[in-house]
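Reproduced below: work-v4.pdb, with PDB, C-alpha atoms.
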ATOM      1  CA  MET V   1       0.527  -1.821 -49.110
ATOM      2  CA  GLU V   2       3.396  -4.277 -48.892
ATOM      3  CA  LYS V   3       4.965  -2.501 -45.976
ATOM      4  CA  ASN V   4       1.691  -2.753 -44.012
ATOM      5  CA  ASN V   5       1.953  -6.536 -44.033
ATOM      6  CA  ARG V   6       5.419  -6.566 -42.529
ATOM      7  CA  ASP V   7       5.789  -8.620 -39.381
ATOM      8  CA  ILE V   8       8.525  -6.679 -37.653
ATOM      9  CA  LEU V   9       8.304  -8.855 -34.545
ATOM     10  CA  SER V  10       9.430 -11.938 -36.458
ATOM     11  CA  GLU V  11      11.667 -10.068 -38.907
ATOM     12  CA  LYS V  12      13.843  -8.712 -36.127
ATOM     13  CA  PRO V  13      14.593 -11.433 -33.587
ATOM     14  CA  TYR V  14      16.809  -9.116 -31.544
ATOM     15  CA  LEU V  15      13.579  -7.484 -30.306
ATOM     16  CA  LYS V  16      13.231 -10.459 -27.957
ATOM     17  CA  GLU V  17      16.353  -9.380 -26.108
ATOM     18  CA  THR V  18      15.830  -7.115 -23.163
ATOM     19  CA  PRO V  19      16.727  -3.473 -23.807
ATOM     20  CA  TYR V  20      16.961  -2.854 -20.068
ATOM     21  CA  SER V  21      20.044  -3.120 -17.920
ATOM     22  CA  VAL V  22      20.757  -3.072 -14.194
ATOM     23  CA  PRO V  23      23.424  -1.351 -12.085
ATOM     24  CA  GLU V  24      26.686  -3.265 -11.919
ATOM     25  CA  GLY V  25      26.707  -6.054  -9.347
ATOM     26  CA  TYR V  26      22.984  -5.650  -8.718
ATOM     27  CA  PHE V  27      22.042  -9.334  -8.848
ATOM     28  CA  GLU V  28      24.940 -10.424  -6.637
ATOM     29  CA  ALA V  29      24.024  -7.787  -4.044
ATOM     30  CA  PHE V  30      20.347  -8.706  -4.249
ATOM     31  CA  LYS V  31      21.024 -12.423  -3.753
ATOM     32  CA  ALA V  32      23.283 -11.689  -0.791
ATOM     33  CA  ASN V  33      20.567  -9.698   0.960
ATOM     34  CA  ALA V  34      17.414 -11.549  -0.083
ATOM     35  CA  ALA V  35      16.911 -13.676   3.011
ATOM     36  CA  PRO V  36      13.762 -12.742   4.930
ATOM     37  CA  TYR V  37      14.521 -15.413   7.563
ATOM     38  CA  GLN V  38      17.624 -13.420   8.514
ATOM     39  CA  ALA V  39      15.487 -10.512   9.644
ATOM     40  CA  LYS V  40      15.918 -10.266  13.406
ATOM     41  CA  SER V  41      12.826 -11.311  15.324
ATOM     42  CA  ILE V  42      11.599  -8.452  17.479
ATOM     43  CA  SER V  43      11.248  -9.239  21.189
ATOM     44  CA  LEU V  44       8.018  -8.637  23.126
ATOM     45  CA  ALA V  45       9.583  -5.606  24.827
ATOM     46  CA  GLY V  46      10.609  -4.300  21.421
ATOM     47  CA  ARG V  47       7.066  -4.671  20.093
ATOM     48  CA  LEU V  48       5.652  -2.864  23.142
ATOM     49  CA  VAL V  49       7.979   0.140  22.830
ATOM     50  CA  PRO V  50       5.704   2.133  20.467
ATOM     51  CA  TYR V  51       2.653   1.584  22.706
ATOM     52  CA  ILE V  52       4.588   2.497  25.874
ATOM     53  CA  SER V  53       5.870   5.636  24.151
ATOM     54  CA  MET V  54       2.333   6.600  23.153
ATOM     55  CA  ALA V  55       1.024   6.052  26.707
ATOM     56  CA  ALA V  56       3.889   8.090  28.197
ATOM     57  CA  MET V  57       3.194  10.911  25.743
ATOM     58  CA  PHE V  58      -0.507  10.860  26.643
ATOM     59  CA  ILE V  59       0.220  11.039  30.391
ATOM     60  CA  PHE V  60       2.726  13.848  29.801
ATOM     61  CA  LEU V  61       0.213  15.886  27.785
ATOM     62  CA  LEU V  62      -2.504  15.252  30.378
ATOM     63  CA  THR V  63      -0.238  16.435  33.219
ATOM     64  CA  VAL V  64       0.929  19.518  31.340
ATOM     65  CA  GLY V  65      -2.662  20.352  30.354
ATOM     66  CA  THR V  66      -3.937  19.989  33.930
ATOM     67  CA  LEU V  67      -1.129  22.141  35.329
ATOM     68  CA  PHE V  68      -1.756  24.773  32.681
ATOM     69  CA  LEU V  69      -5.489  24.891  33.422
ATOM     70  CA  GLN V  70      -4.874  25.064  37.169
ATOM     71  CA  LYS V  71      -2.453  27.923  36.717
ATOM     72  CA  THR V  72      -4.655  29.944  34.383
ATOM     73  CA  SER V  73      -7.890  29.479  36.394
ATOM     74  CA  SER V  74      -6.497  30.203  39.929
ATOM     75  CA  PRO V  75      -7.878  33.423  41.587
ATOM     76  CA  GLU V  76      -5.411  36.244  41.691
ATOM     77  CA  MET V  77      -5.424  39.756  43.084
ATOM     78  CA  MET V  78      -7.523  41.956  40.833
ATOM     79  CA  THR V  79      -6.242  45.295  39.702
ATOM     80  CA  GLN V  80      -8.653  48.178  39.395
ATOM     81  CA  GLU V  81      -8.504  47.904  35.631
ATOM     82  CA  ASP V  82      -9.327  44.162  35.805
ATOM     83  CA  TYR V  83     -12.253  44.954  38.077
ATOM     84  CA  LEU V  84     -13.700  47.434  35.600
ATOM     85  CA  VAL V  85     -13.432  44.936  32.749
ATOM     86  CA  PHE V  86     -14.852  42.175  34.938
ATOM     87  CA  SER V  87     -17.764  44.275  36.153
ATOM     88  CA  GLY V  88     -18.502  45.253  32.546
ATOM     89  CA  ASP V  89     -18.721  41.577  31.630
ATOM     90  CA  MET V  90     -20.993  40.915  34.561
ATOM     91  CA  MET V  91     -23.523  43.634  33.700
ATOM     92  CA  ASN V  92     -25.980  41.121  32.237
ATOM     93  CA  THR V  93     -25.937  39.026  35.371
ATOM     94  CA  VAL V  94     -26.440  42.091  37.551
ATOM     95  CA  GLY V  95     -29.338  43.176  35.327
ATOM     96  CA  TYR V  96     -30.907  39.759  35.732
ATOM     97  CA  GLU V  97     -30.646  40.045  39.526
ATOM     98  CA  MET V  98     -32.282  43.483  39.474
ATOM     99  CA  GLU V  99     -35.180  42.256  37.309
ATOM    100  CA  TYR V 100     -35.923  39.126  39.254
ATOM    101  CA  GLY V 101     -34.712  40.425  42.613
ATOM    102  CA  ASP V 102     -38.110  39.891  44.360
ATOM    103  CA  GLU V 103     -38.338  36.249  43.419
ATOM    104  CA  ILE V 104     -34.802  35.639  44.642
ATOM    105  CA  ALA V 105     -35.617  37.423  47.871
ATOM    106  CA  ASP V 106     -38.796  35.315  48.295
ATOM    107  CA  ALA V 107     -36.763  32.192  48.168
ATOM    108  CA  GLU V 108     -34.749  33.391  51.162
ATOM    109  CA  ILE V 109     -37.720  34.247  53.496
ATOM    110  CA  ALA V 110     -37.567  32.218  56.705
ATOM    111  CA  ASN V 111     -40.587  30.251  57.994
ATOM    112  CA  GLU V 112     -40.697  32.412  61.138
ATOM    113  CA  ASP V 113     -41.208  35.534  58.994
ATOM    114  CA  ILE V 114     -44.106  33.847  57.197
ATOM    115  CA  ILE V 115     -45.723  32.863  60.503
ATOM    116  CA  ASN V 116     -45.326  36.430  61.817
ATOM    117  CA  TYR V 117     -46.915  37.761  58.654
ATOM    118  CA  LEU V 118     -49.823  35.349  58.889
ATOM    119  CA  ILE V 119     -50.456  36.297  62.577
ATOM    120  CA  TYR V 120     -50.261  39.954  61.609
ATOM    121  CA  SER V 121     -52.792  39.405  58.819
ATOM    122  CA  GLY V 122     -55.332  37.850  61.194
ATOM    123  CA  VAL V 123     -54.786  34.101  60.805
ATOM    124  CA  THR V 124     -55.105  32.328  64.159
ATOM    125  CA  LEU V 125     -52.422  30.063  65.641
ATOM    126  CA  GLU V 126     -54.817  27.053  65.474
ATOM    127  CA  GLU V 127     -55.234  27.541  61.754
ATOM    128  CA  ILE V 128     -51.462  27.711  61.306
ATOM    129  CA  GLU V 129     -50.998  24.536  63.383
ATOM    130  CA  LEU V 130     -53.672  22.758  61.314
ATOM    131  CA  SER V 131     -51.961  23.674  58.039
ATOM    132  CA  LYS V 132     -48.621  22.049  59.107
TER     133      LYS V 132
ATOM    134  CA  MET K   1      22.114 -13.295 -19.190
ATOM    135  CA  PHE K   2      19.681 -16.157 -19.553
ATOM    136  CA  ASN K   3      18.695 -17.337 -22.997
ATOM    137  CA  PRO K   4      14.918 -17.346 -23.511
ATOM    138  CA  SER K   5      15.117 -19.774 -26.415
ATOM    139  CA  VAL K   6      15.947 -22.650 -24.018
ATOM    140  CA  ASP K   7      12.924 -24.700 -22.904
ATOM    141  CA  LEU K   8      12.433 -23.227 -19.439
ATOM    142  CA  SER K   9      10.430 -26.113 -18.019
ATOM    143  CA  VAL K  10      13.296 -28.564 -18.735
ATOM    144  CA  LEU K  11      15.906 -26.164 -17.412
ATOM    145  CA  PHE K  12      14.019 -25.437 -14.219
ATOM    146  CA  ASN K  13      13.050 -28.988 -13.342
ATOM    147  CA  VAL K  14      16.627 -29.992 -12.473
ATOM    148  CA  THR K  15      16.996 -27.129 -10.020
ATOM    149  CA  ASP K  16      13.411 -27.323  -8.855
ATOM    150  CA  ASP K  17      13.764 -30.973  -7.875
ATOM    151  CA  LYS K  18      16.810 -30.126  -5.772
ATOM    152  CA  ILE K  19      15.032 -27.215  -4.121
ATOM    153  CA  ILE K  20      11.965 -29.312  -3.331
ATOM    154  CA  GLU K  21      14.173 -32.087  -1.968
ATOM    155  CA  LEU K  22      15.906 -29.618   0.359
ATOM    156  CA  TYR K  23      12.570 -28.269   1.501
ATOM    157  CA  SER K  24      11.140 -31.738   2.133
ATOM    158  CA  CYS K  25      14.156 -32.521   4.352
ATOM    159  CA  GLY K  26      13.273 -29.523   6.509
ATOM    160  CA  ARG K  27      16.122 -27.404   5.158
ATOM    161  CA  GLN K  28      13.849 -24.464   4.367
ATOM    162  CA  GLU K  29      16.522 -21.794   4.403
ATOM    163  CA  GLU K  30      18.710 -23.699   1.958
ATOM    164  CA  ALA K  31      15.698 -24.329  -0.253
ATOM    165  CA  PHE K  32      14.889 -20.625  -0.218
ATOM    166  CA  ASN K  33      18.494 -19.746  -1.042
ATOM    167  CA  GLY K  34      18.214 -22.152  -3.966
ATOM    168  CA  ILE K  35      15.131 -20.302  -5.200
ATOM    169  CA  VAL K  36      16.893 -16.959  -4.866
ATOM    170  CA  ASP K  37      19.916 -18.259  -6.766
ATOM    171  CA  ALA K  38      17.915 -19.843  -9.555
ATOM    172  CA  TYR K  39      15.111 -17.318  -9.987
ATOM    173  CA  THR K  40      16.278 -13.821  -9.047
ATOM    174  CA  GLU K  41      17.252 -12.858 -12.590
ATOM    175  CA  ARG K  42      14.311 -14.543 -14.302
ATOM    176  CA  LEU K  43      11.758 -12.984 -11.989
ATOM    177  CA  TYR K  44      13.496  -9.615 -12.156
ATOM    178  CA  TRP K  45      13.264  -9.468 -15.973
ATOM    179  CA  HIS K  46       9.682 -10.697 -15.819
ATOM    180  CA  VAL K  47       8.819  -7.850 -13.416
ATOM    181  CA  ARG K  48      10.895  -5.258 -15.231
ATOM    182  CA  ARG K  49       9.033  -5.749 -18.508
ATOM    183  CA  PHE K  50       5.853  -4.632 -16.744
ATOM    184  CA  LEU K  51       7.175  -1.933 -14.434
ATOM    185  CA  CYS K  52       9.857  -0.509 -16.789
ATOM    186  CA  SER K  53      11.759   1.258 -14.008
ATOM    187  CA  HIS K  54      14.659  -0.476 -12.257
ATOM    188  CA  ASP K  55      13.896   1.031  -8.844
ATOM    189  CA  ASP K  56      10.249  -0.052  -8.929
ATOM    190  CA  SER K  57      11.250  -3.529 -10.110
ATOM    191  CA  ASN K  58      13.824  -3.849  -7.341
ATOM    192  CA  ASP K  59      11.276  -2.883  -4.659
ATOM    193  CA  LEU K  60       8.676  -5.264  -6.019
ATOM    194  CA  LEU K  61      11.163  -8.121  -6.375
ATOM    195  CA  GLN K  62      11.991  -7.829  -2.675
ATOM    196  CA  ASP K  63       8.281  -8.023  -1.853
ATOM    197  CA  ILE K  64       7.943 -11.040  -4.141
ATOM    198  CA  PHE K  65      10.698 -12.948  -2.339
ATOM    199  CA  ILE K  66       9.162 -12.124   1.046
ATOM    200  CA  LYS K  67       5.848 -13.473  -0.291
ATOM    201  CA  ILE K  68       7.609 -16.591  -1.560
ATOM    202  CA  TRP K  69       9.251 -17.150   1.844
ATOM    203  CA  THR K  70       5.964 -16.786   3.728
ATOM    204  CA  ALA K  71       4.020 -18.892   1.197
ATOM    205  CA  LEU K  72       6.631 -21.659   0.950
ATOM    206  CA  PRO K  73       4.984 -23.826   3.660
ATOM    207  CA  THR K  74       1.765 -23.800   1.600
ATOM    208  CA  PHE K  75       3.499 -25.034  -1.563
ATOM    209  CA  ARG K  76       2.066 -28.389  -2.618
ATOM    210  CA  GLN K  77       3.945 -30.378  -5.180
ATOM    211  CA  GLU K  78       0.835 -30.667  -7.356
ATOM    212  CA  ALA K  79       2.052 -27.491  -9.076
ATOM    213  CA  ARG K  80       5.536 -27.123 -10.490
ATOM    214  CA  LEU K  81       7.786 -24.835  -8.523
ATOM    215  CA  TYR K  82       8.636 -22.575 -11.423
ATOM    216  CA  THR K  83       5.003 -21.943 -12.435
ATOM    217  CA  TRP K  84       4.152 -21.401  -8.740
ATOM    218  CA  LEU K  85       6.903 -18.776  -8.454
ATOM    219  CA  TYR K  86       5.887 -17.045 -11.676
ATOM    220  CA  ARG K  87       2.309 -17.051 -10.442
ATOM    221  CA  ILE K  88       3.289 -15.245  -7.226
ATOM    222  CA  ALA K  89       5.401 -12.755  -9.177
ATOM    223  CA  THR K  90       2.651 -12.143 -11.751
ATOM    224  CA  ASN K  91       0.022 -11.581  -9.061
ATOM    225  CA  GLU K  92       2.293  -9.092  -7.308
ATOM    226  CA  VAL K  93       2.897  -7.293 -10.601
ATOM    227  CA  LEU K  94      -0.846  -7.103 -11.258
ATOM    228  CA  ASN K  95      -1.517  -5.753  -7.758
ATOM    229  CA  TYR K  96       1.166  -3.134  -8.275
ATOM    230  CA  LEU K  97      -0.202  -2.125 -11.677
ATOM    231  CA  ARG K  98      -3.738  -1.816 -10.264
ATOM    232  CA  LYS K  99      -2.473   0.524  -7.545
ATOM    233  CA  GLN K 100      -0.666   2.525 -10.231
ATOM    234  CA  LYS K 101      -3.893   2.698 -12.213
ATOM    235  CA  VAL K 102      -5.732   4.209  -9.235
ATOM    236  CA  LYS K 103      -2.911   6.709  -8.677
ATOM    237  CA  ALA K 104      -2.968   7.604 -12.371
ATOM    238  CA  PHE K 105      -6.760   8.076 -12.268
ATOM    239  CA  ILE K 106      -6.436  10.439  -9.289
ATOM    240  CA  SER K 107      -3.738  12.458 -11.043
ATOM    241  CA  LEU K 108      -5.849  12.534 -14.256
ATOM    242  CA  ASP K 109      -3.177  10.625 -16.130
ATOM    243  CA  SER K 110      -3.184   7.252 -17.866
ATOM    244  CA  ALA K 111      -1.313   4.295 -16.354
ATOM    245  CA  SER K 112       0.183   3.372 -19.734
ATOM    246  CA  GLY K 113       1.239   7.009 -20.237
ATOM    247  CA  ILE K 114       3.134   6.938 -16.930
ATOM    248  CA  LEU K 115       4.862   3.670 -17.885
ATOM    249  CA  GLU K 116       5.761   5.001 -21.335
ATOM    250  CA  ARG K 117       7.334   8.053 -19.719
ATOM    251  CA  LYS K 118       9.285   5.749 -17.395
ATOM    252  CA  ILE K 119      10.765   4.035 -20.463
ATOM    253  CA  ASP K 120      11.818   7.408 -21.883
ATOM    254  CA  GLU K 121      13.329   8.541 -18.585
ATOM    255  CA  ASP K 122      14.964   5.224 -17.657
ATOM    256  CA  ALA K 123      18.722   5.574 -17.267
ATOM    257  CA  TYR K 124      19.060   1.802 -17.637
ATOM    258  CA  PHE K 125      17.388   1.536 -21.039
ATOM    259  CA  ASN K 126      19.990   0.584 -23.651
ATOM    260  CA  GLY K 127      17.794  -0.451 -26.556
ATOM    261  CA  ASP K 128      17.287   1.225 -29.921
ATOM    262  CA  GLU K 129      14.240   3.197 -31.044
ATOM    263  CA  LEU K 130      12.402   0.106 -32.280
ATOM    264  CA  GLN K 131      12.855  -1.638 -28.923
ATOM    265  CA  ARG K 132      11.648   1.489 -27.162
ATOM    266  CA  GLU K 133       8.509   1.559 -29.301
ATOM    267  CA  LEU K 134       7.967  -2.169 -28.797
ATOM    268  CA  HIS K 135       8.031  -1.823 -25.020
ATOM    269  CA  LYS K 136       5.788   1.240 -25.150
ATOM    270  CA  ALA K 137       3.318  -0.682 -27.326
ATOM    271  CA  ILE K 138       3.299  -3.497 -24.758
ATOM    272  CA  GLN K 139       2.345  -1.009 -22.013
ATOM    273  CA  ARG K 140      -0.698  -0.012 -24.065
ATOM    274  CA  LEU K 141      -2.030  -3.597 -24.138
ATOM    275  CA  PRO K 142      -4.789  -4.692 -21.757
ATOM    276  CA  GLU K 143      -3.537  -6.425 -18.586
ATOM    277  CA  LYS K 144      -4.133 -10.055 -19.629
ATOM    278  CA  GLN K 145      -2.774  -9.588 -23.139
ATOM    279  CA  ARG K 146       0.313  -7.938 -21.687
ATOM    280  CA  ILE K 147       1.019 -10.955 -19.463
ATOM    281  CA  VAL K 148       0.481 -13.503 -22.220
ATOM    282  CA  PHE K 149       2.519 -11.518 -24.715
ATOM    283  CA  SER K 150       5.383 -11.075 -22.279
ATOM    284  CA  LEU K 151       5.557 -14.720 -21.209
ATOM    285  CA  ARG K 152       5.065 -16.096 -24.718
ATOM    286  CA  TYR K 153       7.075 -13.675 -26.837
ATOM    287  CA  PHE K 154      10.031 -12.953 -24.551
ATOM    288  CA  ASP K 155      10.202 -16.070 -22.352
ATOM    289  CA  GLU K 156       8.842 -18.400 -25.052
ATOM    290  CA  MET K 157       6.860 -20.168 -22.380
ATOM    291  CA  LYS K 158       4.460 -22.975 -23.325
ATOM    292  CA  TYR K 159       0.767 -22.118 -23.294
ATOM    293  CA  GLU K 160       0.234 -24.922 -20.768
ATOM    294  CA  ASP K 161       2.652 -23.254 -18.358
ATOM    295  CA  ILE K 162       1.133 -19.819 -18.906
ATOM    296  CA  SER K 163      -2.236 -21.431 -18.259
ATOM    297  CA  GLU K 164      -0.990 -22.675 -14.854
ATOM    298  CA  ILE K 165       0.403 -19.233 -14.008
ATOM    299  CA  THR K 166      -2.592 -17.184 -15.074
ATOM    300  CA  ASP K 167      -5.325 -19.726 -14.328
ATOM    301  CA  THR K 168      -6.726 -19.242 -17.842
ATOM    302  CA  SER K 169      -7.543 -21.851 -20.482
ATOM    303  CA  VAL K 170      -5.039 -22.515 -23.261
ATOM    304  CA  GLY K 171      -7.625 -21.536 -25.890
ATOM    305  CA  ALA K 172      -8.271 -18.166 -24.281
ATOM    306  CA  LEU K 173      -4.528 -17.567 -23.960
ATOM    307  CA  LYS K 174      -3.954 -18.306 -27.645
ATOM    308  CA  ALA K 175      -6.676 -15.846 -28.598
ATOM    309  CA  SER K 176      -5.237 -13.191 -26.237
ATOM    310  CA  TYR K 177      -1.735 -13.679 -27.628
ATOM    311  CA  HIS K 178      -3.014 -13.420 -31.193
ATOM    312  CA  HIS K 179      -4.767 -10.094 -30.429
ATOM    313  CA  ALA K 180      -1.778  -8.755 -28.523
ATOM    314  CA  TYR K 181       0.678  -9.766 -31.244
ATOM    315  CA  ASN K 182      -1.377  -8.050 -33.955
ATOM    316  CA  LYS K 183      -1.774  -4.866 -31.920
ATOM    317  CA  VAL K 184       1.941  -4.617 -31.214
ATOM    318  CA  LYS K 185       2.794  -5.485 -34.815
ATOM    319  CA  SER K 186       0.479  -2.791 -36.146
ATOM    320  CA  ASP K 187       1.911  -0.216 -33.697
ATOM    321  CA  LEU K 188       5.412  -0.990 -34.912
ATOM    322  CA  GLN K 189       4.390  -0.925 -38.592
ATOM    323  CA  LYS K 190       3.477   2.741 -38.177
ATOM    324  CA  LEU K 191       7.167   3.487 -37.667
ATOM    325  CA  PHE K 192       8.087   2.297 -41.180
TER     326      PHE K 192
END

Can the structure in the file be given as structure tokens, please?
Amino acid sequence: MEKNNRDILSEKPYLKETPYSVPEGYFEAFKANAAPYQAKSISLAGRLVPYISMAAMFIFLLTVGTLFLQKTSSPEMMTQEDYLVFSGDMMNTVGYEMEYGDEIADAEIANEDIINYLIYSGVTLEEIELSK
Amino acid sequence: MFNPSVDLSVLFNVTDDKIIELYSCGRQEEAFNGIVDAYTERLYWHVRRFLCSHDDSNDLLQDIFIKIWTALPTFRQEARLYTWLYRIATNEVLNYLRKQKVKAFISLDSASGILERKIDEDAYFNGDELQRELHKAIQRLPEKQRIVFSLRYFDEMKYEDISEITDTSVGALKASYHHAYNKVKSDLQKLF
């Protein structure tokens, strides 16, 4: 019971001393270097360098990307093998054209053909003129 | 090494007056050098008691002096220089410890556990087992109690000065110190 009432903090005054240490010459070195006002002020050009670098990198990537796309998308001579692969890919489009071929053809009929058809089917020239 | 049993406020006022005089004359750099000369060791040991590791304390001390340099133009002589400096250092320590707490939470560890391990792993710890346990017990105290205990027990600072540093009433500080002292005492009693 007695030992539970012990006040070790006041019994042992050496506990107030720091148990930590520092590397030799630490405080001298710290004091010699602790001068924030000695930090060199960075010029305007110096501050702009990172932004200029970023802009240059962006332009470089844009140029390289454009050149790459131009090169890969330019038409080249097709080999027979390429043609077969290409025509295979295009089958759906061809199928579409076959299915809706009449409508596409209608869109390309000239006015003169329509007039000829109307004359042939018995519509008079006066009626055609009136409808214009 | 500085002796904590000396009344710090008396000791500092001589130097502080000189530093403030230099600053008032527009000799800011000399005033700052005076602060570095007079306070580097005191602030280092103040920081080290919280952070335990030398490397962490060194990094934070550099940040503290940068803060002091940038805040120097805002220093009004209503406060004493030494309590103003301790206040900056204490706030930086608290910010650091809060960041550590978040890191510890993310890594599913406890902040005090990390600090206790730092004491065990510290190559610059020269104390005996009782000192080791004392400093581990301090890391287990709540933030405010840790500050009061450190400033009162080790630096033997007056409650009035601690009150200026922590912006807490003297009564509340006395109560915090009493709780902290008893907790640490009871932790150390378990060793005997």

TODO: Pick out the chain K residues within 6 Å of chain V. Count all atoms listed in the file. Give them as a PyMOL selection string.
DONE: chain K and resi 124-127+154

TODO: Please indicate the distance in Å from atom CA of K:Asp55 to atom CA of K:Thr40, rounded to one decimal place.
DONE: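 Separating atom CA of K:Asp55 from atom CA of K:Thr40 is a distance of 15.0 Å.
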
Task: Nearest to K:Gln139, chosen from K:Arg49, K:Lys158, K:His179, K:Lys67, with only C-alpha atoms counted in the distances - done: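 Selected residue with least distance to K:Gln139: K:Arg49.
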
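Residue neighbourhood of K:Glu160, excluding near-sequence residues (fewer than 5 positions): Ile165, Ser169 and Val170 of chain K, at 9 Å, using all atoms listed in the file.
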
Task: Between atom CA of K:Gln145 and atom CA of K:Gln77 - distance in Å to one decimal - done: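 About the pair atom CA of K:Gln77 and atom CA of K:Gln145: they are 28.3 Å apart.
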
Expand the PyMOL selection byres ((chain K and resi 141-143) around 10) into the individual residues it matches in the shown file, reporting them as a tab-separated table (two decimals) with C-alpha atoms, keeping the file's coordinate frame.
chain	number	residue	atom	x	y	z
K	50	PHE	CA	5.85	-4.63	-16.74
K	94	LEU	CA	-0.85	-7.10	-11.26
K	97	LEU	CA	-0.20	-2.12	-11.68
K	98	ARG	CA	-3.74	-1.82	-10.26
K	112	SER	CA	0.18	3.37	-19.73
K	136	LYS	CA	5.79	1.24	-25.15
K	137	ALA	CA	3.32	-0.68	-27.33
K	138	ILE	CA	3.30	-3.50	-24.76
K	139	GLN	CA	2.35	-1.01	-22.01
K	140	ARG	CA	-0.70	-0.01	-24.06
K	144	LYS	CA	-4.13	-10.06	-19.63
K	145	GLN	CA	-2.77	-9.59	-23.14
K	146	ARG	CA	0.31	-7.94	-21.69
K	147	ILE	CA	1.02	-10.96	-19.46
K	148	VAL	CA	0.48	-13.50	-22.22
K	149	PHE	CA	2.52	-11.52	-24.72
K	176	SER	CA	-5.24	-13.19	-26.24
K	179	HIS	CA	-4.77	-10.09	-30.43
K	180	ALA	CA	-1.78	-8.76	-28.52
K	181	TYR	CA	0.68	-9.77	-31.24
K	183	LYS	CA	-1.77	-4.87	-31.92
K	184	VAL	CA	1.94	-4.62	-31.21

Task: Point-to-point distance in Å for atom CA of K:Asn33 and atom CA of K:Lys18 - done: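 Between atom CA of K:Lys18 and atom CA of K:Asn33 the gap is 11.5 Å.
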
Sphere at (3.7, -19.2, -14.7), radius 7 Å, counting all atoms listed in the file: residues as a compact mmCIF listing (two decimals) with C-alpha atoms, keeping the file's coordinate frame:
# COMPACT_ATOMS: atom_id res chain seq x y z
CA TYR K 82 8.64 -22.58 -11.42
CA THR K 83 5.00 -21.94 -12.44
CA TRP K 84 4.15 -21.40 -8.74
CA TYR K 86 5.89 -17.05 -11.68
CA ARG K 87 2.31 -17.05 -10.44
CA ASP K 161 2.65 -23.25 -18.36
CA ILE K 162 1.13 -19.82 -18.91
CA GLU K 164 -0.99 -22.68 -14.85
CA ILE K 165 0.40 -19.23 -14.01
CA THR K 166 -2.59 -17.18 -15.07

TODO: Please evaluate the PyMOL selection byres ((chain K and resi 56-62) around 8) against the structure above and give the resulting residues as JSON, numbers by chain.
DONE: {"V": [34], "K": [43, 44, 47, 48, 51, 52, 53, 54, 55, 63, 64, 65, 66, 89, 92, 93]}

Let me have the centre and edge lengths in Å, one decimal, of the box along x, y and z around every listed atom of stretch 119-127 of chain K with 8 Å of margin on each side, as JSON.
{"center_x": 15.4, "center_y": 4.0, "center_z": -21.9, "size_x": 25.2, "size_y": 25.0, "size_z": 25.3}
